[in-house]
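K.L.:
So that you have it, the file is coords_21.cif, and it contains mmCIF, C-alpha atoms:
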data_run
#
loop_
_atom_site.group_PDB
_atom_site.id
_atom_site.type_symbol
_atom_site.label_atom_id
_atom_site.label_comp_id
_atom_site.auth_asym_id
_atom_site.auth_seq_id
_atom_site.Cartn_x
_atom_site.Cartn_y
_atom_site.Cartn_z
ATOM 1 C CA MET A 135 23.752 -2.536 60.582
ATOM 2 C CA ASN A 136 24.696 -6.123 59.893
ATOM 3 C CA LEU A 137 28.497 -6.386 59.957
ATOM 4 C CA ARG A 138 28.432 -9.729 58.156
ATOM 5 C CA LEU A 139 26.736 -8.093 55.180
ATOM 6 C CA LEU A 140 29.339 -5.322 55.203
ATOM 7 C CA ARG A 141 32.111 -7.912 55.120
ATOM 8 C CA TYR A 142 30.447 -9.653 52.180
ATOM 9 C CA PHE A 143 30.295 -6.292 50.401
ATOM 10 C CA THR A 144 33.948 -5.335 50.971
ATOM 11 C CA GLU A 145 35.148 -8.851 50.177
ATOM 12 C CA THR A 146 33.273 -8.759 46.878
ATOM 13 C CA VAL A 147 34.889 -5.436 45.988
ATOM 14 C CA ASP A 148 38.355 -6.706 46.951
ATOM 15 C CA ALA A 149 37.959 -10.009 45.125
ATOM 16 C CA GLY A 150 36.894 -8.290 41.934
ATOM 17 C CA SER A 151 34.053 -10.734 41.246
ATOM 18 C CA ALA A 152 31.226 -12.459 43.052
ATOM 19 C CA THR A 153 32.606 -15.875 42.116
ATOM 20 C CA ARG A 154 35.993 -15.248 43.739
ATOM 21 C CA ALA A 155 34.398 -13.532 46.735
ATOM 22 C CA ALA A 156 32.027 -16.469 47.309
ATOM 23 C CA ALA A 157 34.980 -18.862 47.275
ATOM 24 C CA ARG A 158 36.896 -16.732 49.814
ATOM 25 C CA LEU A 159 33.847 -16.471 52.049
ATOM 26 C CA HIS A 160 33.036 -20.188 51.761
ATOM 27 C CA VAL A 161 29.489 -19.571 50.573
ATOM 28 C CA THR A 162 27.777 -20.275 47.278
ATOM 29 C CA GLN A 163 27.447 -17.494 44.747
ATOM 30 C CA PRO A 164 23.614 -17.409 44.987
ATOM 31 C CA VAL A 165 23.884 -16.993 48.766
ATOM 32 C CA LEU A 166 26.376 -14.143 48.345
ATOM 33 C CA SER A 167 24.164 -12.437 45.766
ATOM 34 C CA ARG A 168 21.176 -12.614 48.120
ATOM 35 C CA GLN A 169 23.251 -11.115 50.953
ATOM 36 C CA LEU A 170 24.409 -8.227 48.773
ATOM 37 C CA ARG A 171 20.840 -7.502 47.690
ATOM 38 C CA GLN A 172 19.797 -7.601 51.347
ATOM 39 C CA LEU A 173 22.456 -5.008 52.185
ATOM 40 C CA GLU A 174 21.244 -2.749 49.397
ATOM 41 C CA GLN A 175 17.700 -3.007 50.738
ATOM 42 C CA ASP A 176 18.813 -2.309 54.291
ATOM 43 C CA ILE A 177 20.695 0.894 53.431
ATOM 44 C CA GLY A 178 18.480 1.992 50.539
ATOM 45 C CA LEU A 179 21.353 2.351 48.081
ATOM 46 C CA PRO A 180 22.200 0.495 44.868
ATOM 47 C CA LEU A 181 25.773 -0.667 45.391
ATOM 48 C CA PHE A 182 26.472 -2.671 42.249
ATOM 49 C CA GLU A 183 25.594 -2.531 38.606
ATOM 50 C CA ARG A 184 25.099 -6.105 37.429
ATOM 51 C CA GLN A 185 26.491 -6.771 33.965
ATOM 52 C CA GLY A 186 25.923 -10.470 33.376
ATOM 53 C CA HIS A 187 28.117 -12.278 35.937
ATOM 54 C CA ARG A 188 30.156 -9.156 36.619
ATOM 55 C CA LEU A 189 29.509 -6.646 39.390
ATOM 56 C CA ARG A 190 30.588 -3.037 39.135
ATOM 57 C CA LEU A 191 30.330 -0.437 41.889
ATOM 58 C CA THR A 192 27.762 2.306 41.379
ATOM 59 C CA PRO A 193 28.663 5.910 42.295
ATOM 60 C CA ALA A 194 26.737 5.334 45.542
ATOM 61 C CA GLY A 195 28.730 2.155 46.105
ATOM 62 C CA GLU A 196 31.988 4.065 45.608
ATOM 63 C CA GLN A 197 30.975 6.529 48.322
ATOM 64 C CA PHE A 198 29.685 3.822 50.654
ATOM 65 C CA LEU A 199 32.819 1.645 50.422
ATOM 66 C CA PRO A 200 35.130 3.737 52.701
ATOM 67 C CA LEU A 201 32.306 4.081 55.229
ATOM 68 C CA ALA A 202 31.867 0.318 55.314
ATOM 69 C CA ARG A 203 35.610 -0.266 55.691
ATOM 70 C CA ASN A 204 35.801 2.258 58.531
ATOM 71 C CA LEU A 205 32.888 0.654 60.363
ATOM 72 C CA LEU A 206 34.468 -2.783 60.058
ATOM 73 C CA ARG A 207 37.793 -1.429 61.367
ATOM 74 C CA GLN A 208 36.018 0.062 64.359
ATOM 75 C CA ALA A 209 34.221 -3.223 65.016
ATOM 76 C CA ASP A 210 37.566 -5.054 64.944
ATOM 77 C CA GLU A 211 39.012 -2.522 67.390
ATOM 78 C CA VAL A 212 36.058 -3.058 69.727
ATOM 79 C CA ARG A 213 36.592 -6.825 69.619
ATOM 80 C CA ARG A 214 40.295 -6.428 70.387
ATOM 81 C CA ALA A 215 39.516 -4.019 73.231
ATOM 82 C CA CYS A 216 36.972 -6.429 74.689
ATOM 83 C CA ALA A 217 39.491 -9.262 74.552
ATOM 84 C CA SER A 218 42.041 -7.016 76.247
ATOM 85 C CA ILE A 219 39.588 -6.031 78.971
ATOM 86 C CA ALA A 220 38.576 -9.642 79.566
ATOM 87 C CA SER A 221 42.217 -10.707 79.946
ATOM 88 C CA GLY A 222 43.214 -7.737 82.142
ATOM 89 C CA ARG A 223 45.993 -6.714 79.777
ATOM 90 C CA LEU A 224 46.822 -3.454 77.999
ATOM 91 C CA ASP A 225 47.490 -3.275 74.275
ATOM 92 C CA GLN A 226 47.851 0.509 74.320
ATOM 93 C CA LEU A 227 48.902 2.659 77.257
ATOM 94 C CA HIS A 228 47.467 6.191 77.225
ATOM 95 C CA LEU A 229 49.694 8.456 79.327
ATOM 96 C CA ALA A 230 49.062 12.025 80.484
ATOM 97 C CA VAL A 231 52.344 13.701 81.424
ATOM 98 C CA PRO A 232 53.713 17.207 82.158
ATOM 99 C CA THR A 233 56.133 18.450 79.499
ATOM 100 C CA THR A 234 59.164 18.405 81.808
ATOM 101 C CA THR A 235 58.444 14.866 82.936
ATOM 102 C CA LEU A 236 57.957 13.762 79.341
ATOM 103 C CA ASN A 237 61.308 15.124 78.171
ATOM 104 C CA ASP A 238 63.493 14.117 81.086
ATOM 105 C CA VAL A 239 61.805 11.114 82.714
ATOM 106 C CA LEU A 240 59.160 9.446 80.613
ATOM 107 C CA ALA A 241 60.764 9.489 77.148
ATOM 108 C CA PRO A 242 63.962 7.805 78.424
ATOM 109 C CA PHE A 243 61.810 5.268 80.291
ATOM 110 C CA LEU A 244 59.803 4.481 77.151
ATOM 111 C CA ALA A 245 63.072 3.597 75.423
ATOM 112 C CA THR A 246 63.429 0.705 77.911
ATOM 113 C CA LEU A 247 60.035 -0.876 77.188
ATOM 114 C CA HIS A 248 59.919 -4.483 76.037
ATOM 115 C CA PRO A 249 58.309 -5.694 72.798
ATOM 116 C CA ASP A 250 55.442 -7.244 74.772
ATOM 117 C CA ASP A 251 54.715 -4.028 76.705
ATOM 118 C CA PRO A 252 51.694 -1.968 75.628
ATOM 119 C CA VAL A 253 52.178 0.631 72.911
ATOM 120 C CA PRO A 254 52.490 4.040 74.652
ATOM 121 C CA ILE A 255 50.363 6.964 73.486
ATOM 122 C CA VAL A 256 51.427 10.182 75.208
ATOM 123 C CA ARG A 257 49.622 13.485 75.586
ATOM 124 C CA GLN A 258 50.012 16.656 77.626
ATOM 125 C CA LEU A 259 48.712 16.420 81.178
ATOM 126 C CA ASP A 260 45.375 18.146 81.732
ATOM 127 C CA PRO A 261 46.189 21.200 83.906
ATOM 128 C CA ARG A 262 43.291 20.275 86.181
ATOM 129 C CA GLY A 263 45.237 17.238 87.381
ATOM 130 C CA ALA A 264 44.971 13.459 87.593
ATOM 131 C CA ASP A 265 41.190 13.179 87.921
ATOM 132 C CA ALA A 266 40.578 15.215 84.769
ATOM 133 C CA ALA A 267 43.268 13.343 82.824
ATOM 134 C CA LEU A 268 41.905 9.922 83.768
ATOM 135 C CA SER A 269 38.327 10.970 83.127
ATOM 136 C CA SER A 270 39.273 12.090 79.629
ATOM 137 C CA GLY A 271 40.738 8.708 78.697
ATOM 138 C CA ALA A 272 44.260 8.445 80.115
ATOM 139 C CA ASP A 273 45.180 5.086 81.669
ATOM 140 C CA LEU A 274 48.022 6.525 83.720
ATOM 141 C CA ALA A 275 48.658 10.138 84.760
ATOM 142 C CA ILE A 276 52.012 11.473 85.987
ATOM 143 C CA VAL A 277 51.372 14.406 88.311
ATOM 144 C CA PRO A 278 53.439 16.734 90.530
ATOM 145 C CA ARG A 279 50.956 16.680 93.435
ATOM 146 C CA PRO A 280 49.675 13.844 95.629
ATOM 147 C CA PRO A 281 46.679 12.324 93.810
ATOM 148 C CA ALA A 282 43.225 12.229 95.409
ATOM 149 C CA ARG A 283 42.613 9.424 97.881
ATOM 150 C CA HIS A 284 40.092 7.642 95.658
ATOM 151 C CA LEU A 285 42.786 7.029 93.025
ATOM 152 C CA ALA A 286 45.447 4.344 93.087
ATOM 153 C CA SER A 287 48.893 5.927 93.080
ATOM 154 C CA HIS A 288 52.605 5.275 93.365
ATOM 155 C CA ALA A 289 55.212 7.820 94.479
ATOM 156 C CA LEU A 290 57.843 7.954 91.734
ATOM 157 C CA ALA A 291 60.587 10.400 92.683
ATOM 158 C CA VAL A 292 61.504 13.613 94.429
ATOM 159 C CA LEU A 293 63.587 15.790 92.086
ATOM 160 C CA PRO A 294 65.480 19.025 92.776
ATOM 161 C CA ILE A 295 64.536 22.466 91.581
ATOM 162 C CA TRP A 296 67.696 23.803 89.931
ATOM 163 C CA ALA A 297 69.140 27.271 89.481
ATOM 164 C CA GLN A 298 70.918 26.785 86.160
ATOM 165 C CA VAL A 299 73.726 29.169 85.218
ATOM 166 C CA ARG A 300 76.441 29.499 82.599
ATOM 167 C CA ARG A 301 79.760 27.815 83.275
ATOM 168 C CA ASP A 302 81.441 31.220 83.682
ATOM 169 C CA ASP A 303 78.929 32.303 86.356
ATOM 170 C CA PRO A 304 80.252 32.745 89.925
ATOM 171 C CA TRP A 305 77.686 30.187 91.111
ATOM 172 C CA ALA A 306 78.881 27.468 88.743
ATOM 173 C CA GLY A 307 80.329 24.652 90.828
ATOM 174 C CA ARG A 308 78.383 25.516 93.969
ATOM 175 C CA PRO A 309 76.274 22.636 95.322
ATOM 176 C CA THR A 310 73.419 24.842 96.556
ATOM 177 C CA VAL A 311 72.090 28.379 96.527
ATOM 178 C CA ASP A 312 69.644 29.868 99.007
ATOM 179 C CA VAL A 313 66.374 31.220 97.671
ATOM 180 C CA GLY A 314 67.176 34.563 99.279
ATOM 181 C CA GLU A 315 70.355 34.859 97.212
ATOM 182 C CA LEU A 316 68.443 33.754 94.177
ATOM 183 C CA ALA A 317 65.919 36.563 94.576
ATOM 184 C CA GLU A 318 68.691 39.129 94.089
ATOM 185 C CA ARG A 319 69.503 37.853 90.574
ATOM 186 C CA ALA A 320 67.734 38.325 87.255
ATOM 187 C CA LEU A 321 65.613 35.182 87.029
ATOM 188 C CA LEU A 322 64.101 33.208 84.163
ATOM 189 C CA LEU A 323 61.046 31.582 85.732
ATOM 190 C CA LEU A 324 58.182 29.489 84.482
ATOM 191 C CA THR A 325 54.727 31.016 84.757
ATOM 192 C CA VAL A 326 52.744 30.502 87.952
ATOM 193 C CA ASP A 327 50.690 27.593 86.573
ATOM 194 C CA PHE A 328 53.819 25.407 86.595
ATOM 195 C CA ARG A 329 54.522 23.434 89.769
ATOM 196 C CA PRO A 330 58.279 24.309 89.978
ATOM 197 C CA ARG A 331 57.363 28.016 90.001
ATOM 198 C CA GLN A 332 54.735 27.458 92.684
ATOM 199 C CA LEU A 333 57.272 25.660 94.869
ATOM 200 C CA LEU A 334 59.829 28.427 94.394
ATOM 201 C CA ASP A 335 57.234 31.086 95.245
ATOM 202 C CA GLU A 336 56.302 29.202 98.417
ATOM 203 C CA ALA A 337 59.958 28.988 99.474
ATOM 204 C CA LEU A 338 60.483 32.694 98.830
ATOM 205 C CA ASP A 339 57.329 33.590 100.781
ATOM 206 C CA GLY A 340 58.940 31.911 103.777
ATOM 207 C CA THR A 341 61.776 34.462 103.700
ATOM 208 C CA GLY A 342 59.624 37.577 103.444
ATOM 209 C CA LEU A 343 61.605 38.639 100.375
ATOM 210 C CA SER A 344 60.496 39.287 96.798
ATOM 211 C CA TYR A 345 62.030 38.832 93.365
ATOM 212 C CA ARG A 346 64.171 41.661 92.019
ATOM 213 C CA GLU A 347 63.845 40.926 88.293
ATOM 214 C CA VAL A 348 61.845 38.197 86.555
ATOM 215 C CA ILE A 349 61.368 37.130 82.957
ATOM 216 C CA GLU A 350 58.517 34.620 82.726
ATOM 217 C CA CYS A 351 58.649 31.721 80.273
ATOM 218 C CA THR A 352 56.005 29.190 79.295
ATOM 219 C CA ASN A 353 58.606 26.555 78.426
ATOM 220 C CA ALA A 354 61.533 25.368 80.550
ATOM 221 C CA ARG A 355 63.783 24.813 77.542
ATOM 222 C CA VAL A 356 63.279 28.436 76.482
ATOM 223 C CA ALA A 357 64.261 29.561 79.986
ATOM 224 C CA GLN A 358 67.401 27.443 79.741
ATOM 225 C CA ALA A 359 68.248 28.850 76.309
ATOM 226 C CA LEU A 360 67.909 32.403 77.618
ATOM 227 C CA ALA A 361 70.125 31.529 80.585
ATOM 228 C CA ALA A 362 72.745 30.197 78.169
ATOM 229 C CA ALA A 363 72.491 33.519 76.326
ATOM 230 C CA GLY A 364 73.335 35.360 79.534
ATOM 231 C CA ARG A 365 69.891 36.781 80.262
ATOM 232 C CA GLY A 366 69.646 35.450 83.812
ATOM 233 C CA VAL A 367 69.361 32.348 86.009
ATOM 234 C CA ALA A 368 66.915 29.680 84.831
ATOM 235 C CA VAL A 369 65.022 28.114 87.736
ATOM 236 C CA VAL A 370 63.554 24.827 86.497
ATOM 237 C CA SER A 371 63.287 21.161 87.398
ATOM 238 C CA ASP A 372 64.500 20.021 83.948
ATOM 239 C CA ASP A 373 67.836 18.310 83.404
ATOM 240 C CA PRO A 374 70.518 20.880 82.431
ATOM 241 C CA ARG A 375 70.897 21.762 78.742
ATOM 242 C CA PHE A 376 73.031 24.142 76.688
ATOM 243 C CA ASP A 377 76.048 23.378 78.937
ATOM 244 C CA LEU A 378 74.410 25.065 81.929
ATOM 245 C CA ALA A 379 75.643 24.296 85.440
ATOM 246 C CA PRO A 380 72.900 23.164 87.872
ATOM 247 C CA VAL A 381 72.848 24.466 91.443
ATOM 248 C CA ALA A 382 70.274 23.023 93.873
ATOM 249 C CA VAL A 383 67.896 25.594 95.368
ATOM 250 C CA THR A 384 67.272 25.591 99.131
ATOM 251 C CA GLY A 385 64.657 27.467 101.155
ATOM 252 C CA PRO A 386 63.781 28.022 104.808
ATOM 253 C CA ALA A 387 62.456 24.446 105.079
ATOM 254 C CA GLY A 388 65.352 22.839 103.229
ATOM 255 C CA PRO A 389 65.853 21.765 99.594
ATOM 256 C CA VAL A 390 63.186 22.967 97.159
ATOM 257 C CA ARG A 391 62.090 19.808 95.357
ATOM 258 C CA ILE A 392 59.246 18.569 93.201
ATOM 259 C CA SER A 393 57.526 15.220 93.797
ATOM 260 C CA LEU A 394 56.170 13.028 91.030
ATOM 261 C CA TYR A 395 53.368 10.504 91.340
ATOM 262 C CA ALA A 396 51.748 8.002 89.001
ATOM 263 C CA ALA A 397 47.960 7.798 89.360
ATOM 264 C CA TRP A 398 45.343 5.504 87.880
ATOM 265 C CA ASP A 399 41.768 4.371 88.454
ATOM 266 C CA PRO A 400 41.777 1.436 90.908
ATOM 267 C CA HIS A 401 38.811 -0.018 88.985
ATOM 268 C CA HIS A 402 40.642 0.033 85.645
ATOM 269 C CA HIS A 403 40.463 -3.386 83.981
ATOM 270 C CA ALA A 404 44.277 -3.463 83.859
ATOM 271 C CA ALA A 405 44.914 -1.942 87.293
ATOM 272 C CA THR A 406 47.446 -4.668 88.150
ATOM 273 C CA ALA A 407 49.412 -3.993 84.953
ATOM 274 C CA LEU A 408 49.322 -0.244 85.600
ATOM 275 C CA ALA A 409 50.640 -0.731 89.128
ATOM 276 C CA ALA A 410 53.502 -2.823 87.741
ATOM 277 C CA LEU A 411 54.371 -0.165 85.161
ATOM 278 C CA ALA A 412 54.314 2.552 87.828
ATOM 279 C CA GLY A 413 56.698 0.466 89.923
ATOM 280 C CA ARG A 414 59.033 0.047 86.951
ATOM 281 C CA LEU A 415 58.960 3.791 86.323
ATOM 282 C CA ALA A 416 59.846 4.498 89.956
ATOM 283 C CA ALA A 417 62.760 2.056 89.747
ATOM 284 C CA PHE A 418 63.895 3.719 86.513
ATOM 285 C CA CYS A 419 63.888 7.153 88.201
ATOM 286 C CA ALA A 420 66.076 5.806 91.007
ATOM 287 C CA GLU A 421 68.452 4.258 88.485
ATOM 288 C CA GLN A 422 68.510 7.365 86.311
ATOM 289 C CA TYR A 423 68.979 9.979 89.043
ATOM 290 C CA GLY A 424 70.394 8.011 91.963
ATOM 291 C CA PRO A 425 69.038 6.943 95.348
ATOM 292 C CA ASP A 426 68.543 10.549 96.498
ATOM 293 C CA VAL A 427 65.383 10.824 94.361
ATOM 294 C CA VAL A 428 63.638 7.891 96.063
ATOM 295 C CA PRO A 429 60.642 9.205 98.064
ATOM 296 C CA ALA A 430 61.127 9.375 101.817
ATOM 297 C CA SER A 431 58.820 6.400 102.348
ATOM 298 C CA GLY A 432 61.481 4.184 100.791
ATOM 299 C CA ALA A 433 62.312 2.401 97.585
ATOM 300 C CA GLU A 434 58.916 0.699 97.478
ATOM 301 C CA PRO A 435 56.352 3.486 98.081
ATOM 302 C CA ALA A 436 52.971 2.265 99.232
ATOM 303 C CA GLU A 437 50.134 2.454 96.763
ATOM 304 C CA ASN A 438 47.297 4.767 97.740
ATOM 305 C CA VAL A 439 44.220 2.665 96.919
ATOM 306 C CA ASP A 440 40.669 3.055 98.097
ATOM 307 C CA PRO A 441 38.946 -0.118 96.851
ATOM 308 C CA THR A 442 35.503 1.242 97.775
ATOM 309 C CA ALA A 443 35.863 4.436 95.745
ATOM 310 C CA SER A 444 33.506 5.041 92.875
ATOM 311 C CA THR A 445 34.809 4.970 89.317
ATOM 312 C CA HIS A 446 35.249 8.386 87.635
#
Could you render the structure from this file as structure tokens?
P.N.:
Amino acid sequence: MNLRLLRYFTETVDAGSATRAAARLHVTQPVLSRQLRQLEQDIGLPLFERQGHRLRLTPAGEQFLPLARNLLRQADEVRRACASIASGRLDQLHLAVPTTTLNDVLAPFLATLHPDDPVPIVRQLDPRGADAALSSGADLAIVPRPPARHLASHALAVLPIWAQVRRDDPWAGRPTVDVGELAERALLLLTVDFRPRQLLDEALDGTGLSYREVIECTNARVAQALAAAGRGVAVVSDDPRFDLAPVAVTGPAGPVRISLYAAWDPHHHAATALAALAGRLAAFCAEQYGPDVVPASGAEPAENVDPTASTH
């Protein structure tokens, strides 16, 4: 479909007359009239009723108008996207993020973005991981496992798994609690598809012990609310809420912690910009939580890039 003819059509409707539309479009009125008739022939619909020099939309024209406007909007978006791709910049940044990371890490980071940074569009991380998230349209995925080797990645932070208790709990004020001690308490745990729960289960397996009492939650904030209500100890990686006291969990191999990584397609047209944003996010995590969260490889984690990998 000829977009120029669609623009002539919508401009004529907006101008209210063919004379004014022709002046706006810098064409003569006979030329505009021929173009409108050509559009009607192309789509097989009468768009205007001609009453002397006046044009009035037909019922078919009324129904066609929003379709034409939508198609022109999409064409403009394609042009902008092509310009963005050609320049290597991002106008919009599509992020796939776990809920915990969104609430405690990403949302505060987004508040620091500059006016010339891309507009962030955030969605829940695909449970299948970075590959699935990127394949479904995300530019950048934040994941709690090391991304596949064919992806570009940046280690962001290593954050504690907390046992969160009320301020009147005997554990309040302790720096750490062993997973074996933890297993003896009533626990408010995330379900097994959440990475903090998987890490806790792995630590407990190393002791040969099992949980005494567990209430499973599908949301960390709900677990924290129940802990504040005195129903047990919430074991989550979220920042404390509801005036809960955080106690770091340790296991047989040391502190139980969750790692975060940013991952993106190394063949993305804005791969350089994505790498820079991932670096800024890592620096923000260190500033927000202190130097202890910096990955063991140092303050500038190496990017994991396979330049020969195929695009997914």
K.L.:
Between A:Ala412, A:Ala152, A:Ala230, A:Val381, which residue has the minimum interatomic distance to A:Arg190, considering only C-alpha atoms?
P.N.:
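Distance minimum relative to A:Arg190 lands on A:Ala152.
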K.L.:
Using the chain letters and numbers from this file, what does the PyMOL selection byres ((chain A and resi 242) around 12) select? Give the answer as an mmCIF file with C-alpha atoms, in the frame of the given file.
P.N.:
data_model
loop_
_atom_site.group_PDB
_atom_site.id
_atom_site.type_symbol
_atom_site.label_atom_id
_atom_site.label_comp_id
_atom_site.auth_asym_id
_atom_site.auth_seq_id
_atom_site.Cartn_x
_atom_site.Cartn_y
_atom_site.Cartn_z
ATOM 1 C CA THR A 235 58.444 14.866 82.936
ATOM 2 C CA LEU A 236 57.957 13.762 79.341
ATOM 3 C CA ASN A 237 61.308 15.124 78.171
ATOM 4 C CA ASP A 238 63.493 14.117 81.086
ATOM 5 C CA VAL A 239 61.805 11.114 82.714
ATOM 6 C CA LEU A 240 59.160 9.446 80.613
ATOM 7 C CA ALA A 241 60.764 9.489 77.148
ATOM 8 C CA PHE A 243 61.810 5.268 80.291
ATOM 9 C CA LEU A 244 59.803 4.481 77.151
ATOM 10 C CA ALA A 245 63.072 3.597 75.423
ATOM 11 C CA THR A 246 63.429 0.705 77.911
ATOM 12 C CA LEU A 247 60.035 -0.876 77.188
ATOM 13 C CA LEU A 415 58.960 3.791 86.323
ATOM 14 C CA PHE A 418 63.895 3.719 86.513
ATOM 15 C CA CYS A 419 63.888 7.153 88.201
ATOM 16 C CA GLU A 421 68.452 4.258 88.485
ATOM 17 C CA GLN A 422 68.510 7.365 86.311
ATOM 18 C CA TYR A 423 68.979 9.979 89.043
#
K.L.:
Kindly give the distance, in Å, that separates atom CA of A:Thr384 and atom CA of A:Asp339, rounded to a single decimal.
P.N.:
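Straight-line distance from atom CA of A:Thr384 to atom CA of A:Asp339 works out to 12.9 Å.
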K.L.:
Can you pull out every residue within 12 Å of A:Glu315, counting all atoms listed in the file, but drop anything in the same chain fewer than 5 positions away, and send it as a PyMOL selection string?
P.N.:
chain A and resi 297+305+310+320-321+338+341+343-346+367+383-385
K.L.:
Write a file of the selected residues as a CSV table (one decimal), in the frame of the given file, keeping C-alpha atoms.
P.N.:
chain,number,residue,atom,x,y,z
A,297,ALA,CA,69.1,27.3,89.5
A,305,TRP,CA,77.7,30.2,91.1
A,310,THR,CA,73.4,24.8,96.6
A,320,ALA,CA,67.7,38.3,87.3
A,321,LEU,CA,65.6,35.2,87.0
A,338,LEU,CA,60.5,32.7,98.8
A,341,THR,CA,61.8,34.5,103.7
A,343,LEU,CA,61.6,38.6,100.4
A,344,SER,CA,60.5,39.3,96.8
A,345,TYR,CA,62.0,38.8,93.4
A,346,ARG,CA,64.2,41.7,92.0
A,367,VAL,CA,69.4,32.3,86.0
A,383,VAL,CA,67.9,25.6,95.4
A,384,THR,CA,67.3,25.6,99.1
A,385,GLY,CA,64.7,27.5,101.2
K.L.:
Measuring atom to atom with only C-alpha atoms, identify which of A:Asp327, A:Asp377, A:Asp265, A:Asp250 is nearest to A:Asp303.
P.N.:
A:Asp377
K.L.:
Would you mind listing what lies within 10 Å of A:Leu322 as a VMD selection string, with only C-alpha atoms counted and same-chain residues fewer than 2 positions away left out?
P.N.:
chain A and resid 297 to 298 319 to 320 324 to 325 347 to 351 354 356 to 361 365 to 370
K.L.:
Ranking A:Leu274, A:Ala266, A:Ala387, A:Leu170 by minimum distance to A:Val147 and counting all atoms listed in the file, which one comes first?
P.N.:
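Of A:Leu274, A:Ala266, A:Ala387, A:Leu170, the one nearest A:Val147, counting all atoms listed in the file, is A:Leu170.
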K.L.:
Enter the distance from atom CA of A:Ile392 to atom CA of A:Pro330, in Å, rounded to one decimal.
P.N.:
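Pair atom CA of A:Ile392 / atom CA of A:Pro330 returns 6.7 Å.
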K.L.:
Point out the residue among A:Gln175, A:Thr406, A:Thr162, A:Thr146 with the least atom-to-atom distance to A:Ser287, counting all atoms listed in the file.
P.N.:
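Checking each candidate against A:Ser287, we get A:Thr406 as the closest.
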K.L.:
Residue by residue, what does the PyMOL selection byres ((chain A and resi 191) around 6) grab here? Present the result as a short mmCIF file (atom, residue, chain, number, x, y, z; two decimals) with C-alpha atoms, in the coordinates of the input.
P.N.:
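result03.cif, written as the output of this step:
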data_model
loop_
_atom_site.label_atom_id
_atom_site.label_comp_id
_atom_site.auth_asym_id
_atom_site.auth_seq_id
_atom_site.Cartn_x
_atom_site.Cartn_y
_atom_site.Cartn_z
CA LEU A 181 25.77 -0.67 45.39
CA PHE A 182 26.47 -2.67 42.25
CA ARG A 190 30.59 -3.04 39.14
CA THR A 192 27.76 2.31 41.38
CA GLY A 195 28.73 2.15 46.10
#
K.L.:
Here is a test: counting only C-alpha atoms, which residue of A:Val253, A:Val390, A:Val212, A:Leu290 is nearest to A:Gln332?
P.N.:
A:Val390
K.L.:
Mind checking which residues fall within 6 Å of A:Ile276, counting only C-alpha atoms, ignoring those fewer than 4 positions away in the same chain, and posting them as a CSV table (one decimal) with C-alpha atoms, keeping the file's coordinate frame?
P.N.:
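result31.csv written:
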chain,number,residue,atom,x,y,z
A,231,VAL,CA,52.3,13.7,81.4
A,395,TYR,CA,53.4,10.5,91.3
A,396,ALA,CA,51.7,8.0,89.0
K.L.:
Take atom CA of A:Gly342 and atom CA of A:Gly314 and report the distance between them in Å, one decimal.
P.N.:
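Separating atom CA of A:Gly342 from atom CA of A:Gly314 is a distance of 9.1 Å.
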K.L.:
On this structure, the PyMOL selection byres ((chain A and resi 397) around 12) would catch which residues? List them as JSON, numbers by chain, sorted by chain and number.
P.N.:
{"A": [229, 230, 231, 259, 263, 264, 265, 266, 267, 268, 269, 272, 273, 274, 275, 276, 277, 278, 279, 280, 281, 282, 283, 284, 285, 286, 287, 288, 289, 290, 394, 395, 396, 398, 399, 400, 402, 405, 408, 409, 411, 412, 413, 437, 438, 439]}
K.L.:
Name the residues in contact with A:Ala306 at a cut-off of 8 Å, using all atoms listed in the file, excluding same-chain residues fewer than 6 positions from it; report them as an MDAnalysis selection string.
P.N.:
chainID A and resid 299:300 379:381
K.L.:
Please give the centre and size of the box around stretch 368-382 of chain A (axis-aligned, containing every atom listed in the file, 3 Å added per side), with values in Å to one decimal and written as JSON.
P.N.:
{"center_x": 69.7, "center_y": 24.0, "center_z": 85.3, "size_x": 18.8, "size_y": 17.4, "size_z": 23.2}
K.L.:
With distances taken over all atoms listed in the file, which of A:Leu166, A:Val427, A:Ala194, A:Ile295 is nearest to A:Asp372?
P.N.:
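Between A:Leu166, A:Val427, A:Ala194, A:Ile295, the residue approaching A:Asp372 most closely is A:Ile295.
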K.L.:
Counting all atoms listed in the file, find the residues whose atoms lie at most 12 Å from (25.2, 0.0, 66.8) (file coordinates) and write them out as JSON, numbers by chain.
P.N.:
{"A": [135, 136, 137, 205, 206, 208, 209, 212]}
